[in-house]
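Undergrad: The file below is structure-v2.cif, mmCIF, N, CA and C atoms:
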```
data_input
loop_
_atom_site.label_atom_id
_atom_site.label_comp_id
_atom_site.auth_asym_id
_atom_site.auth_seq_id
_atom_site.Cartn_x
_atom_site.Cartn_y
_atom_site.Cartn_z
N MET M 104 175.44 12.13 146.10
CA MET M 104 174.18 11.44 146.20
C MET M 104 174.11 10.68 147.52
N ILE M 105 172.90 10.54 148.03
CA ILE M 105 172.63 9.79 149.25
C ILE M 105 171.79 8.57 148.88
N THR M 106 172.14 7.41 149.41
CA THR M 106 171.26 6.25 149.28
C THR M 106 170.87 5.80 150.67
N ILE M 107 169.61 5.40 150.79
CA ILE M 107 169.05 4.97 152.08
C ILE M 107 168.09 3.82 151.79
N PRO M 108 168.03 2.82 152.67
CA PRO M 108 167.05 1.76 152.46
C PRO M 108 165.63 2.33 152.43
N ALA M 109 164.77 1.72 151.62
CA ALA M 109 163.39 2.19 151.52
C ALA M 109 162.71 2.22 152.88
N ASP M 110 162.99 1.22 153.72
CA ASP M 110 162.35 1.21 155.04
C ASP M 110 162.92 2.30 155.95
N GLY M 111 164.17 2.72 155.73
CA GLY M 111 164.74 3.83 156.49
C GLY M 111 164.07 5.14 156.12
N LEU M 112 163.86 5.35 154.83
CA LEU M 112 163.16 6.55 154.38
C LEU M 112 161.71 6.53 154.88
N ALA M 113 161.08 5.37 154.85
CA ALA M 113 159.71 5.25 155.35
C ALA M 113 159.65 5.60 156.84
N ARG M 114 160.68 5.23 157.58
CA ARG M 114 160.73 5.55 159.02
C ARG M 114 160.81 7.06 159.23
N ILE M 115 161.62 7.74 158.42
CA ILE M 115 161.76 9.19 158.52
C ILE M 115 160.44 9.88 158.19
N VAL M 116 159.79 9.41 157.13
CA VAL M 116 158.50 9.97 156.72
C VAL M 116 157.45 9.74 157.82
N ALA M 117 157.40 8.52 158.36
CA ALA M 117 156.44 8.21 159.43
C ALA M 117 156.68 9.06 160.67
N ALA M 118 157.95 9.33 160.99
CA ALA M 118 158.25 10.18 162.14
C ALA M 118 157.72 11.59 161.92
N GLY M 119 157.86 12.10 160.71
CA GLY M 119 157.34 13.43 160.41
C GLY M 119 155.84 13.50 160.54
N GLU M 120 155.15 12.48 160.05
CA GLU M 120 153.70 12.45 160.14
C GLU M 120 153.24 12.28 161.58
N ALA M 121 153.92 11.43 162.35
CA ALA M 121 153.53 11.18 163.74
C ALA M 121 153.73 12.42 164.61
N ALA M 122 154.75 13.20 164.32
CA ALA M 122 155.04 14.39 165.14
C ALA M 122 154.16 15.58 164.79
N TYR M 123 153.58 15.59 163.60
CA TYR M 123 152.79 16.73 163.13
C TYR M 123 151.76 17.15 164.18
N PRO M 124 151.60 18.41 164.50
CA PRO M 124 152.11 19.61 163.82
C PRO M 124 153.48 20.08 164.34
N LEU M 125 154.16 19.24 165.12
CA LEU M 125 155.50 19.57 165.59
C LEU M 125 156.53 19.03 164.61
N GLU M 126 157.77 19.47 164.75
CA GLU M 126 158.86 18.94 163.93
C GLU M 126 159.36 17.63 164.52
N SER M 127 159.62 16.68 163.65
CA SER M 127 160.30 15.45 164.06
C SER M 127 161.79 15.66 163.84
N CYS M 128 162.61 14.76 164.39
CA CYS M 128 164.04 14.85 164.15
C CYS M 128 164.71 13.53 164.48
N GLY M 129 165.95 13.41 164.04
CA GLY M 129 166.73 12.22 164.30
C GLY M 129 168.08 12.29 163.62
N LEU M 130 168.82 11.20 163.72
CA LEU M 130 170.19 11.15 163.20
C LEU M 130 170.34 10.04 162.16
N LEU M 131 171.26 10.28 161.24
CA LEU M 131 171.56 9.33 160.17
C LEU M 131 172.94 8.73 160.40
N VAL M 132 173.03 7.42 160.28
CA VAL M 132 174.30 6.72 160.43
C VAL M 132 174.68 6.14 159.07
N GLY M 133 175.95 6.28 158.72
CA GLY M 133 176.40 5.72 157.46
C GLY M 133 177.85 6.05 157.19
N HIS M 134 178.18 6.07 155.90
CA HIS M 134 179.56 6.35 155.48
C HIS M 134 179.57 6.83 154.04
N GLY M 135 180.62 7.51 153.68
CA GLY M 135 180.80 7.97 152.32
C GLY M 135 181.69 7.00 151.55
N GLU M 136 181.49 6.95 150.26
CA GLU M 136 182.28 6.09 149.38
C GLU M 136 183.15 6.95 148.47
N LYS M 137 184.17 6.35 147.92
CA LYS M 137 185.05 7.06 146.99
C LYS M 137 184.30 7.51 145.74
N ASP M 138 183.17 6.85 145.43
CA ASP M 138 182.40 7.24 144.25
C ASP M 138 181.51 8.46 144.51
N GLY M 139 181.64 9.04 145.72
CA GLY M 139 180.86 10.23 146.04
C GLY M 139 179.46 9.94 146.56
N VAL M 140 179.14 8.69 146.76
CA VAL M 140 177.83 8.30 147.27
C VAL M 140 177.91 8.12 148.78
N TRP M 141 176.97 8.73 149.48
CA TRP M 141 176.84 8.54 150.93
C TRP M 141 175.80 7.47 151.15
N ARG M 142 176.16 6.43 151.88
CA ARG M 142 175.22 5.35 152.18
C ARG M 142 174.75 5.49 153.62
N VAL M 143 173.44 5.43 153.79
CA VAL M 143 172.82 5.66 155.10
C VAL M 143 171.99 4.42 155.46
N PRO M 144 172.59 3.42 156.08
CA PRO M 144 171.83 2.22 156.43
C PRO M 144 170.93 2.37 157.65
N GLU M 145 171.15 3.42 158.46
CA GLU M 145 170.37 3.56 159.70
C GLU M 145 169.85 4.98 159.87
N ALA M 146 168.59 5.08 160.26
CA ALA M 146 167.98 6.35 160.67
C ALA M 146 167.41 6.15 162.06
N HIS M 147 167.77 7.03 162.98
CA HIS M 147 167.36 6.90 164.39
C HIS M 147 166.51 8.10 164.80
N ASP M 148 165.25 7.84 165.17
CA ASP M 148 164.37 8.90 165.66
C ASP M 148 164.88 9.43 166.98
N SER M 149 164.59 10.70 167.21
CA SER M 149 164.93 11.32 168.49
C SER M 149 163.73 12.10 168.98
N PRO M 150 163.54 12.18 170.29
CA PRO M 150 162.57 13.15 170.77
C PRO M 150 163.04 14.55 170.36
N ASN M 151 162.11 15.41 170.04
CA ASN M 151 162.45 16.79 169.71
C ASN M 151 162.47 17.58 171.02
N LEU M 152 163.64 18.01 171.45
CA LEU M 152 163.79 18.71 172.72
C LEU M 152 163.72 20.23 172.59
N ALA M 153 163.43 20.74 171.41
CA ALA M 153 163.35 22.19 171.21
C ALA M 153 162.23 22.79 172.06
N ALA M 154 162.48 23.97 172.57
CA ALA M 154 161.46 24.66 173.37
C ALA M 154 160.22 24.96 172.53
N ASP M 155 160.42 25.27 171.26
CA ASP M 155 159.32 25.53 170.33
C ASP M 155 159.38 24.49 169.22
N ALA M 156 158.92 23.29 169.50
CA ALA M 156 159.04 22.18 168.56
C ALA M 156 158.15 22.35 167.33
N ARG M 157 157.32 23.36 167.31
CA ARG M 157 156.51 23.65 166.11
C ARG M 157 157.36 24.30 165.03
N HIS M 158 158.40 25.02 165.46
CA HIS M 158 159.21 25.79 164.51
C HIS M 158 160.70 25.48 164.57
N ALA M 159 161.09 24.47 165.35
CA ALA M 159 162.51 24.16 165.50
C ALA M 159 162.66 22.71 165.94
N PHE M 160 163.89 22.25 165.90
CA PHE M 160 164.16 20.90 166.39
C PHE M 160 165.47 20.89 167.15
N GLU M 161 165.56 19.96 168.08
CA GLU M 161 166.79 19.72 168.82
C GLU M 161 166.87 18.23 169.11
N VAL M 162 167.88 17.59 168.56
CA VAL M 162 168.08 16.15 168.75
C VAL M 162 168.55 15.91 170.18
N ASP M 163 168.04 14.85 170.78
CA ASP M 163 168.43 14.49 172.14
C ASP M 163 169.92 14.13 172.17
N PRO M 164 170.74 14.83 172.97
CA PRO M 164 172.16 14.52 173.04
C PRO M 164 172.44 13.09 173.50
N ALA M 165 171.54 12.51 174.28
CA ALA M 165 171.75 11.13 174.73
C ALA M 165 171.78 10.17 173.55
N LEU M 166 170.94 10.41 172.53
CA LEU M 166 170.97 9.58 171.33
C LEU M 166 172.31 9.75 170.62
N ARG M 167 172.74 10.98 170.48
CA ARG M 167 174.02 11.24 169.80
C ARG M 167 175.17 10.54 170.50
N PHE M 168 175.24 10.69 171.82
CA PHE M 168 176.32 10.06 172.58
C PHE M 168 176.27 8.53 172.49
N ALA M 169 175.08 7.96 172.55
CA ALA M 169 174.95 6.50 172.43
C ALA M 169 175.44 6.02 171.07
N LEU M 170 175.08 6.75 170.01
CA LEU M 170 175.54 6.37 168.68
C LEU M 170 177.05 6.54 168.54
N LEU M 171 177.59 7.65 169.05
CA LEU M 171 179.04 7.86 168.99
C LEU M 171 179.78 6.74 169.71
N HIS M 172 179.25 6.32 170.84
CA HIS M 172 179.88 5.24 171.61
C HIS M 172 179.84 3.93 170.81
N ARG M 173 178.68 3.60 170.26
CA ARG M 173 178.53 2.34 169.52
C ARG M 173 179.37 2.33 168.24
N LEU M 174 179.52 3.48 167.61
CA LEU M 174 180.17 3.54 166.30
C LEU M 174 181.66 3.87 166.36
N ARG M 175 182.21 4.03 167.54
CA ARG M 175 183.57 4.58 167.67
C ARG M 175 184.65 3.75 166.97
N ASP M 176 184.46 2.46 166.80
CA ASP M 176 185.49 1.62 166.19
C ASP M 176 185.18 1.20 164.75
N GLY M 177 184.02 1.57 164.27
CA GLY M 177 183.62 1.06 162.96
C GLY M 177 183.79 2.06 161.83
N PRO M 178 183.53 1.60 160.64
CA PRO M 178 183.65 2.51 159.50
C PRO M 178 182.48 3.49 159.41
N GLU M 179 181.40 3.18 160.10
CA GLU M 179 180.23 4.06 160.04
C GLU M 179 180.28 5.09 161.15
N ALA M 180 179.56 6.19 160.90
CA ALA M 180 179.53 7.32 161.83
C ALA M 180 178.20 8.04 161.69
N VAL M 181 177.94 8.98 162.59
CA VAL M 181 176.81 9.87 162.42
C VAL M 181 177.19 10.83 161.30
N ILE M 182 176.48 10.73 160.18
CA ILE M 182 176.83 11.55 159.02
C ILE M 182 175.75 12.56 158.66
N GLY M 183 174.65 12.54 159.40
CA GLY M 183 173.59 13.48 159.05
C GLY M 183 172.48 13.48 160.07
N LEU M 184 171.52 14.29 159.75
CA LEU M 184 170.33 14.41 160.58
C LEU M 184 169.11 14.54 159.68
N PHE M 185 167.96 14.34 160.28
CA PHE M 185 166.72 14.58 159.55
C PHE M 185 165.76 15.33 160.45
N HIS M 186 164.89 16.09 159.82
CA HIS M 186 163.80 16.73 160.54
C HIS M 186 162.69 17.04 159.57
N SER M 187 161.54 17.38 160.12
CA SER M 187 160.40 17.69 159.27
C SER M 187 160.09 19.18 159.34
N HIS M 188 159.41 19.63 158.30
CA HIS M 188 158.89 20.99 158.25
C HIS M 188 157.37 20.91 158.17
N PRO M 189 156.68 21.10 159.30
CA PRO M 189 155.22 21.07 159.26
C PRO M 189 154.66 22.25 158.45
N ASP M 190 153.87 21.92 157.44
CA ASP M 190 153.20 22.91 156.60
C ASP M 190 154.17 23.87 155.91
N LEU M 191 155.39 23.40 155.66
CA LEU M 191 156.39 24.17 154.93
C LEU M 191 157.06 23.27 153.89
N ARG M 192 157.85 23.88 153.02
CA ARG M 192 158.56 23.15 151.97
C ARG M 192 159.68 22.27 152.56
N ALA M 193 160.09 21.31 151.76
CA ALA M 193 161.19 20.42 152.14
C ALA M 193 162.52 21.05 151.73
N GLN M 194 162.70 22.29 152.13
CA GLN M 194 163.90 23.06 151.84
C GLN M 194 164.44 23.63 153.14
N PRO M 195 165.76 23.73 153.28
CA PRO M 195 166.31 24.33 154.50
C PRO M 195 165.82 25.77 154.67
N SER M 196 165.51 26.10 155.89
CA SER M 196 165.05 27.45 156.22
C SER M 196 166.24 28.30 156.68
N LYS M 197 166.00 29.57 156.84
CA LYS M 197 167.03 30.45 157.39
C LYS M 197 167.38 30.00 158.80
N THR M 198 166.39 29.56 159.56
CA THR M 198 166.64 29.04 160.91
C THR M 198 167.57 27.83 160.84
N ASP M 199 167.33 26.93 159.88
CA ASP M 199 168.21 25.77 159.72
C ASP M 199 169.64 26.22 159.46
N LEU M 200 169.81 27.16 158.53
CA LEU M 200 171.15 27.65 158.19
C LEU M 200 171.82 28.28 159.40
N ASP M 201 171.07 29.05 160.17
CA ASP M 201 171.63 29.73 161.34
C ASP M 201 172.03 28.75 162.44
N LYS M 202 171.43 27.57 162.47
CA LYS M 202 171.69 26.61 163.55
C LYS M 202 172.75 25.57 163.20
N VAL M 203 173.34 25.64 162.02
CA VAL M 203 174.36 24.65 161.65
C VAL M 203 175.55 24.77 162.58
N ILE M 204 175.88 23.67 163.26
CA ILE M 204 177.08 23.65 164.09
C ILE M 204 178.07 22.58 163.61
N GLU M 205 177.59 21.69 162.76
CA GLU M 205 178.46 20.67 162.16
C GLU M 205 178.29 20.76 160.65
N PRO M 206 179.16 21.51 159.99
CA PRO M 206 178.96 21.81 158.57
C PRO M 206 179.08 20.62 157.63
N ASP M 207 179.60 19.50 158.08
CA ASP M 207 179.75 18.35 157.19
C ASP M 207 178.55 17.41 157.18
N LEU M 208 177.56 17.67 158.03
CA LEU M 208 176.41 16.76 158.11
C LEU M 208 175.50 16.89 156.90
N ILE M 209 174.90 15.79 156.52
CA ILE M 209 173.84 15.75 155.52
C ILE M 209 172.52 16.07 156.23
N TRP M 210 171.66 16.84 155.59
CA TRP M 210 170.36 17.19 156.16
C TRP M 210 169.26 16.62 155.27
N LEU M 211 168.40 15.78 155.83
CA LEU M 211 167.20 15.34 155.15
C LEU M 211 166.03 16.09 155.75
N ILE M 212 165.19 16.65 154.90
CA ILE M 212 164.04 17.44 155.36
C ILE M 212 162.79 16.91 154.69
N THR M 213 161.79 16.61 155.52
CA THR M 213 160.50 16.12 155.03
C THR M 213 159.45 17.20 155.20
N SER M 214 158.79 17.53 154.11
CA SER M 214 157.66 18.45 154.16
C SER M 214 156.42 17.66 154.56
N VAL M 215 155.72 18.13 155.60
CA VAL M 215 154.50 17.47 156.07
C VAL M 215 153.38 18.51 156.01
N LEU M 216 152.44 18.30 155.09
CA LEU M 216 151.33 19.23 154.90
C LEU M 216 150.05 18.61 155.42
N ASP M 217 149.41 19.29 156.35
CA ASP M 217 148.17 18.79 156.96
C ASP M 217 148.31 17.35 157.45
N GLY M 218 149.49 17.02 158.01
CA GLY M 218 149.72 15.71 158.58
C GLY M 218 150.20 14.65 157.61
N GLN M 219 150.31 14.99 156.34
CA GLN M 219 150.73 14.03 155.30
C GLN M 219 152.09 14.43 154.75
N ALA M 220 153.06 13.52 154.84
CA ALA M 220 154.38 13.77 154.26
C ALA M 220 154.25 13.79 152.75
N VAL M 221 154.82 14.82 152.12
CA VAL M 221 154.68 14.95 150.67
C VAL M 221 156.01 14.89 149.93
N LEU M 222 157.13 15.20 150.59
CA LEU M 222 158.41 15.19 149.91
C LEU M 222 159.53 15.19 150.94
N THR M 223 160.58 14.42 150.66
CA THR M 223 161.81 14.45 151.46
C THR M 223 162.96 14.78 150.52
N THR M 224 163.78 15.74 150.93
CA THR M 224 164.93 16.16 150.14
C THR M 224 166.20 16.07 150.98
N ALA M 225 167.35 16.03 150.30
CA ALA M 225 168.64 15.93 150.97
C ALA M 225 169.48 17.16 150.63
N HIS M 226 170.29 17.61 151.61
CA HIS M 226 171.06 18.84 151.43
C HIS M 226 172.41 18.73 152.13
N ARG M 227 173.38 19.48 151.59
CA ARG M 227 174.70 19.66 152.22
C ARG M 227 174.99 21.14 152.24
N LEU M 228 175.70 21.58 153.24
CA LEU M 228 176.13 22.97 153.32
C LEU M 228 177.25 23.19 152.31
N VAL M 229 177.19 24.30 151.56
CA VAL M 229 178.27 24.60 150.63
C VAL M 229 179.52 24.95 151.42
N GLU M 230 180.66 24.89 150.77
CA GLU M 230 181.95 25.02 151.45
C GLU M 230 182.08 26.30 152.28
N ASP M 231 181.57 27.42 151.76
CA ASP M 231 181.72 28.68 152.49
C ASP M 231 180.66 28.86 153.58
N GLY M 232 179.74 27.90 153.71
CA GLY M 232 178.73 27.93 154.77
C GLY M 232 177.61 28.92 154.55
N SER M 233 177.50 29.48 153.35
CA SER M 233 176.51 30.52 153.11
C SER M 233 175.12 29.99 152.78
N GLU M 234 175.04 28.74 152.34
CA GLU M 234 173.75 28.18 151.95
C GLU M 234 173.85 26.67 151.84
N PHE M 235 172.69 26.05 151.73
CA PHE M 235 172.63 24.61 151.48
C PHE M 235 172.51 24.36 149.98
N GLN M 236 173.00 23.20 149.57
CA GLN M 236 172.85 22.76 148.19
C GLN M 236 172.10 21.44 148.22
N GLN M 237 171.06 21.32 147.42
CA GLN M 237 170.31 20.07 147.36
C GLN M 237 171.14 19.02 146.64
N ILE M 238 171.09 17.79 147.15
CA ILE M 238 171.79 16.68 146.52
C ILE M 238 170.79 15.55 146.28
N ALA M 239 171.12 14.67 145.37
CA ALA M 239 170.22 13.57 145.00
C ALA M 239 170.01 12.63 146.19
N LEU M 240 168.79 12.16 146.32
CA LEU M 240 168.40 11.21 147.37
C LEU M 240 167.69 10.05 146.69
N ARG M 241 168.18 8.84 146.94
CA ARG M 241 167.56 7.64 146.37
C ARG M 241 167.47 6.56 147.42
N THR M 242 166.45 5.73 147.29
CA THR M 242 166.41 4.54 148.12
C THR M 242 167.35 3.51 147.49
N ASP M 243 167.84 2.60 148.31
CA ASP M 243 168.84 1.65 147.81
C ASP M 243 168.27 0.61 146.85
N ASP M 244 166.95 0.59 146.68
CA ASP M 244 166.35 -0.32 145.71
C ASP M 244 166.00 0.38 144.40
N TRP M 245 166.46 1.62 144.24
CA TRP M 245 166.18 2.39 143.04
C TRP M 245 166.88 1.77 141.84
N THR M 246 166.15 1.69 140.73
CA THR M 246 166.76 1.27 139.47
C THR M 246 166.22 2.15 138.36
N ALA M 247 167.04 2.42 137.38
CA ALA M 247 166.61 3.21 136.23
C ALA M 247 165.68 2.36 135.37
N TYR M 248 164.71 3.01 134.78
CA TYR M 248 163.87 2.29 133.81
C TYR M 248 164.71 1.93 132.61
N PRO M 249 164.46 0.79 132.00
CA PRO M 249 165.21 0.45 130.80
C PRO M 249 164.92 1.46 129.69
N SER M 250 165.91 1.71 128.86
CA SER M 250 165.68 2.66 127.77
C SER M 250 164.71 2.07 126.77
N ARG M 251 164.05 2.94 126.02
CA ARG M 251 163.08 2.48 125.03
C ARG M 251 163.69 2.34 123.65
N ASP M 252 165.00 2.37 123.60
CA ASP M 252 165.67 2.25 122.30
C ASP M 252 165.52 0.88 121.70
#
```
When written as structure tokens, how does the structure in this file appear?
TA:
Amino acid sequence: MITIPADGLARIVAAGEAAYPLESCGLLVGHGEKDGVWRVPEAHDSPNLAADARHAFEVDPALRFALLHRLRDGPEAVIGLFHSHPDLRAQPSKTDLDKVIEPDLIWLITSVLDGQAVLTTAHRLVEDGSEFQQIALRTDDWTAYPSRD
């Protein structure tokens, strides 16, 4: 499972809407816990440097290097990325699968339909690298409703 502050998720959603009809992108900073939960306290927008930003994304390497430099001594690291799918589902595409170069990263994908973000999902590459598996995504203020018992 992934947890992210509500304002971090709102930032990712806003980036997708602002970039429409192009893809937005950025990096996620956080850490994993022994309980299997990945905590993502920071989301950093990046310019999309892809030649065809309507159908692809490329995170600015300068952002990546700056984050690596800042995080080199701490418990947190770049643990994922996010991007939007303009007028497509919030599911990894074949293009996404083909472009994986860091198999351990978490992928957040926001579907943006007609300029409006409708869904953000989280994914990890399965061990053999053949496909993505969706994982639970929650904001850090999420609470279960009390039972009606």
Undergrad: Return as a list in words the set of residues that the PyMOL selection byres ((chain M and resi 190) around 8) yields on the displayed structure.
TA: Tyr123, Pro124, Ser187, His188, Pro189, Leu191, Arg192, Ala193, Thr213, Ser214, Val215, Leu216, Asp217, Gly218 and Gln219 of chain M
Undergrad: At a cut-off of 7 Å, using only N, CA and C atoms, what residues contact segment 104-116 of chain M? Leave out same-chain residues fewer than 4 positions from it and give the result as a list in words.
TA: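 Here the qualifying residues turn out to be Glu120, Ala121, Gly139, Val140, Trp141, Arg142, Val143, Pro144, Glu145, Ala146, Thr213, Ala220, Ile238, Ala239, Leu240, Arg241, Thr242, Asp243 and Asp244 of chain M.
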Undergrad: With the file shown as input, list the residues that the PyMOL selection byres ((chain M and resi 224-231) around 7) selects, as a PDB file with N, CA and C atoms, in the coordinates of the input.
TA:
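The resulting part_30.pdb:
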```pdb
ATOM      1  N   ALA M 193     160.090  21.310 151.760  1.00  0.00           N
ATOM      2  CA  ALA M 193     161.190  20.420 152.140  1.00  0.00           C
ATOM      3  C   ALA M 193     162.520  21.050 151.730  1.00  0.00           C
ATOM      4  N   GLN M 194     162.700  22.290 152.130  1.00  0.00           N
ATOM      5  CA  GLN M 194     163.900  23.060 151.840  1.00  0.00           C
ATOM      6  C   GLN M 194     164.440  23.630 153.140  1.00  0.00           C
ATOM      7  N   PRO M 206     179.160  21.510 159.990  1.00  0.00           N
ATOM      8  CA  PRO M 206     178.960  21.810 158.570  1.00  0.00           C
ATOM      9  C   PRO M 206     179.080  20.620 157.630  1.00  0.00           C
ATOM     10  N   ASP M 207     179.600  19.500 158.080  1.00  0.00           N
ATOM     11  CA  ASP M 207     179.750  18.350 157.190  1.00  0.00           C
ATOM     12  C   ASP M 207     178.550  17.410 157.180  1.00  0.00           C
ATOM     13  N   LEU M 208     177.560  17.670 158.030  1.00  0.00           N
ATOM     14  CA  LEU M 208     176.410  16.760 158.110  1.00  0.00           C
ATOM     15  C   LEU M 208     175.500  16.890 156.900  1.00  0.00           C
ATOM     16  N   ILE M 209     174.900  15.790 156.520  1.00  0.00           N
ATOM     17  CA  ILE M 209     173.840  15.750 155.520  1.00  0.00           C
ATOM     18  C   ILE M 209     172.520  16.070 156.230  1.00  0.00           C
ATOM     19  N   TRP M 210     171.660  16.840 155.590  1.00  0.00           N
ATOM     20  CA  TRP M 210     170.360  17.190 156.160  1.00  0.00           C
ATOM     21  C   TRP M 210     169.260  16.620 155.270  1.00  0.00           C
ATOM     22  N   LEU M 211     168.400  15.780 155.830  1.00  0.00           N
ATOM     23  CA  LEU M 211     167.200  15.340 155.150  1.00  0.00           C
ATOM     24  C   LEU M 211     166.030  16.090 155.750  1.00  0.00           C
ATOM     25  N   ILE M 212     165.190  16.650 154.900  1.00  0.00           N
ATOM     26  CA  ILE M 212     164.040  17.440 155.360  1.00  0.00           C
ATOM     27  C   ILE M 212     162.790  16.910 154.690  1.00  0.00           C
ATOM     28  N   THR M 213     161.790  16.610 155.520  1.00  0.00           N
ATOM     29  CA  THR M 213     160.500  16.120 155.030  1.00  0.00           C
ATOM     30  C   THR M 213     159.450  17.200 155.200  1.00  0.00           C
ATOM     31  N   SER M 214     158.790  17.530 154.110  1.00  0.00           N
ATOM     32  CA  SER M 214     157.660  18.450 154.160  1.00  0.00           C
ATOM     33  C   SER M 214     156.420  17.660 154.560  1.00  0.00           C
ATOM     34  N   LEU M 222     157.130  15.200 150.590  1.00  0.00           N
ATOM     35  CA  LEU M 222     158.410  15.190 149.910  1.00  0.00           C
ATOM     36  C   LEU M 222     159.530  15.190 150.940  1.00  0.00           C
ATOM     37  N   THR M 223     160.580  14.420 150.660  1.00  0.00           N
ATOM     38  CA  THR M 223     161.810  14.450 151.460  1.00  0.00           C
ATOM     39  C   THR M 223     162.960  14.780 150.520  1.00  0.00           C
ATOM     40  N   GLY M 232     179.740  27.900 153.710  1.00  0.00           N
ATOM     41  CA  GLY M 232     178.730  27.930 154.770  1.00  0.00           C
ATOM     42  C   GLY M 232     177.610  28.920 154.550  1.00  0.00           C
ATOM     43  N   SER M 233     177.500  29.480 153.350  1.00  0.00           N
ATOM     44  CA  SER M 233     176.510  30.520 153.110  1.00  0.00           C
ATOM     45  C   SER M 233     175.120  29.990 152.780  1.00  0.00           C
ATOM     46  N   GLU M 234     175.040  28.740 152.340  1.00  0.00           N
ATOM     47  CA  GLU M 234     173.750  28.180 151.950  1.00  0.00           C
ATOM     48  C   GLU M 234     173.850  26.670 151.840  1.00  0.00           C
ATOM     49  N   PHE M 235     172.690  26.050 151.730  1.00  0.00           N
ATOM     50  CA  PHE M 235     172.630  24.610 151.480  1.00  0.00           C
ATOM     51  C   PHE M 235     172.510  24.360 149.980  1.00  0.00           C
ATOM     52  N   GLN M 236     173.000  23.200 149.570  1.00  0.00           N
ATOM     53  CA  GLN M 236     172.850  22.760 148.190  1.00  0.00           C
ATOM     54  C   GLN M 236     172.100  21.440 148.220  1.00  0.00           C
ATOM     55  N   GLN M 237     171.060  21.320 147.420  1.00  0.00           N
ATOM     56  CA  GLN M 237     170.310  20.070 147.360  1.00  0.00           C
ATOM     57  C   GLN M 237     171.140  19.020 146.640  1.00  0.00           C
ATOM     58  N   ILE M 238     171.090  17.790 147.150  1.00  0.00           N
ATOM     59  CA  ILE M 238     171.790  16.680 146.520  1.00  0.00           C
ATOM     60  C   ILE M 238     170.790  15.550 146.280  1.00  0.00           C
ATOM     61  N   ALA M 239     171.120  14.670 145.370  1.00  0.00           N
ATOM     62  CA  ALA M 239     170.220  13.570 145.000  1.00  0.00           C
ATOM     63  C   ALA M 239     170.010  12.630 146.190  1.00  0.00           C
ATOM     64  N   LEU M 240     168.790  12.160 146.320  1.00  0.00           N
ATOM     65  CA  LEU M 240     168.400  11.210 147.370  1.00  0.00           C
ATOM     66  C   LEU M 240     167.690  10.050 146.690  1.00  0.00           C
TER      67      LEU M 240
END
```
Undergrad: Enter the distance from atom CA of His186 of chain M to atom CA of Glu136 of chain M, in Å, rounded to one decimal.
TA: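 We find that atom CA of His186 of chain M and atom CA of Glu136 of chain M lie 24.1 Å from each other.
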Undergrad: What is the atom CA of Gly129 of chain M to atom CA of Val162 of chain M distance in Å?
TA: 6.1 Å
Undergrad: Mind listing the helix (DSSP H, G or I) residues of segment 114-150 of chain M, per DSSP on the backbone, as number ranges by chain?
TA: M: 114-122
Undergrad: Atom C of Lys137 of chain M and atom CA of Ala247 of chain M are how many Å apart?
TA: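 For atom C of Lys137 of chain M relative to atom CA of Ala247 of chain M, the distance reads 20.5 Å.
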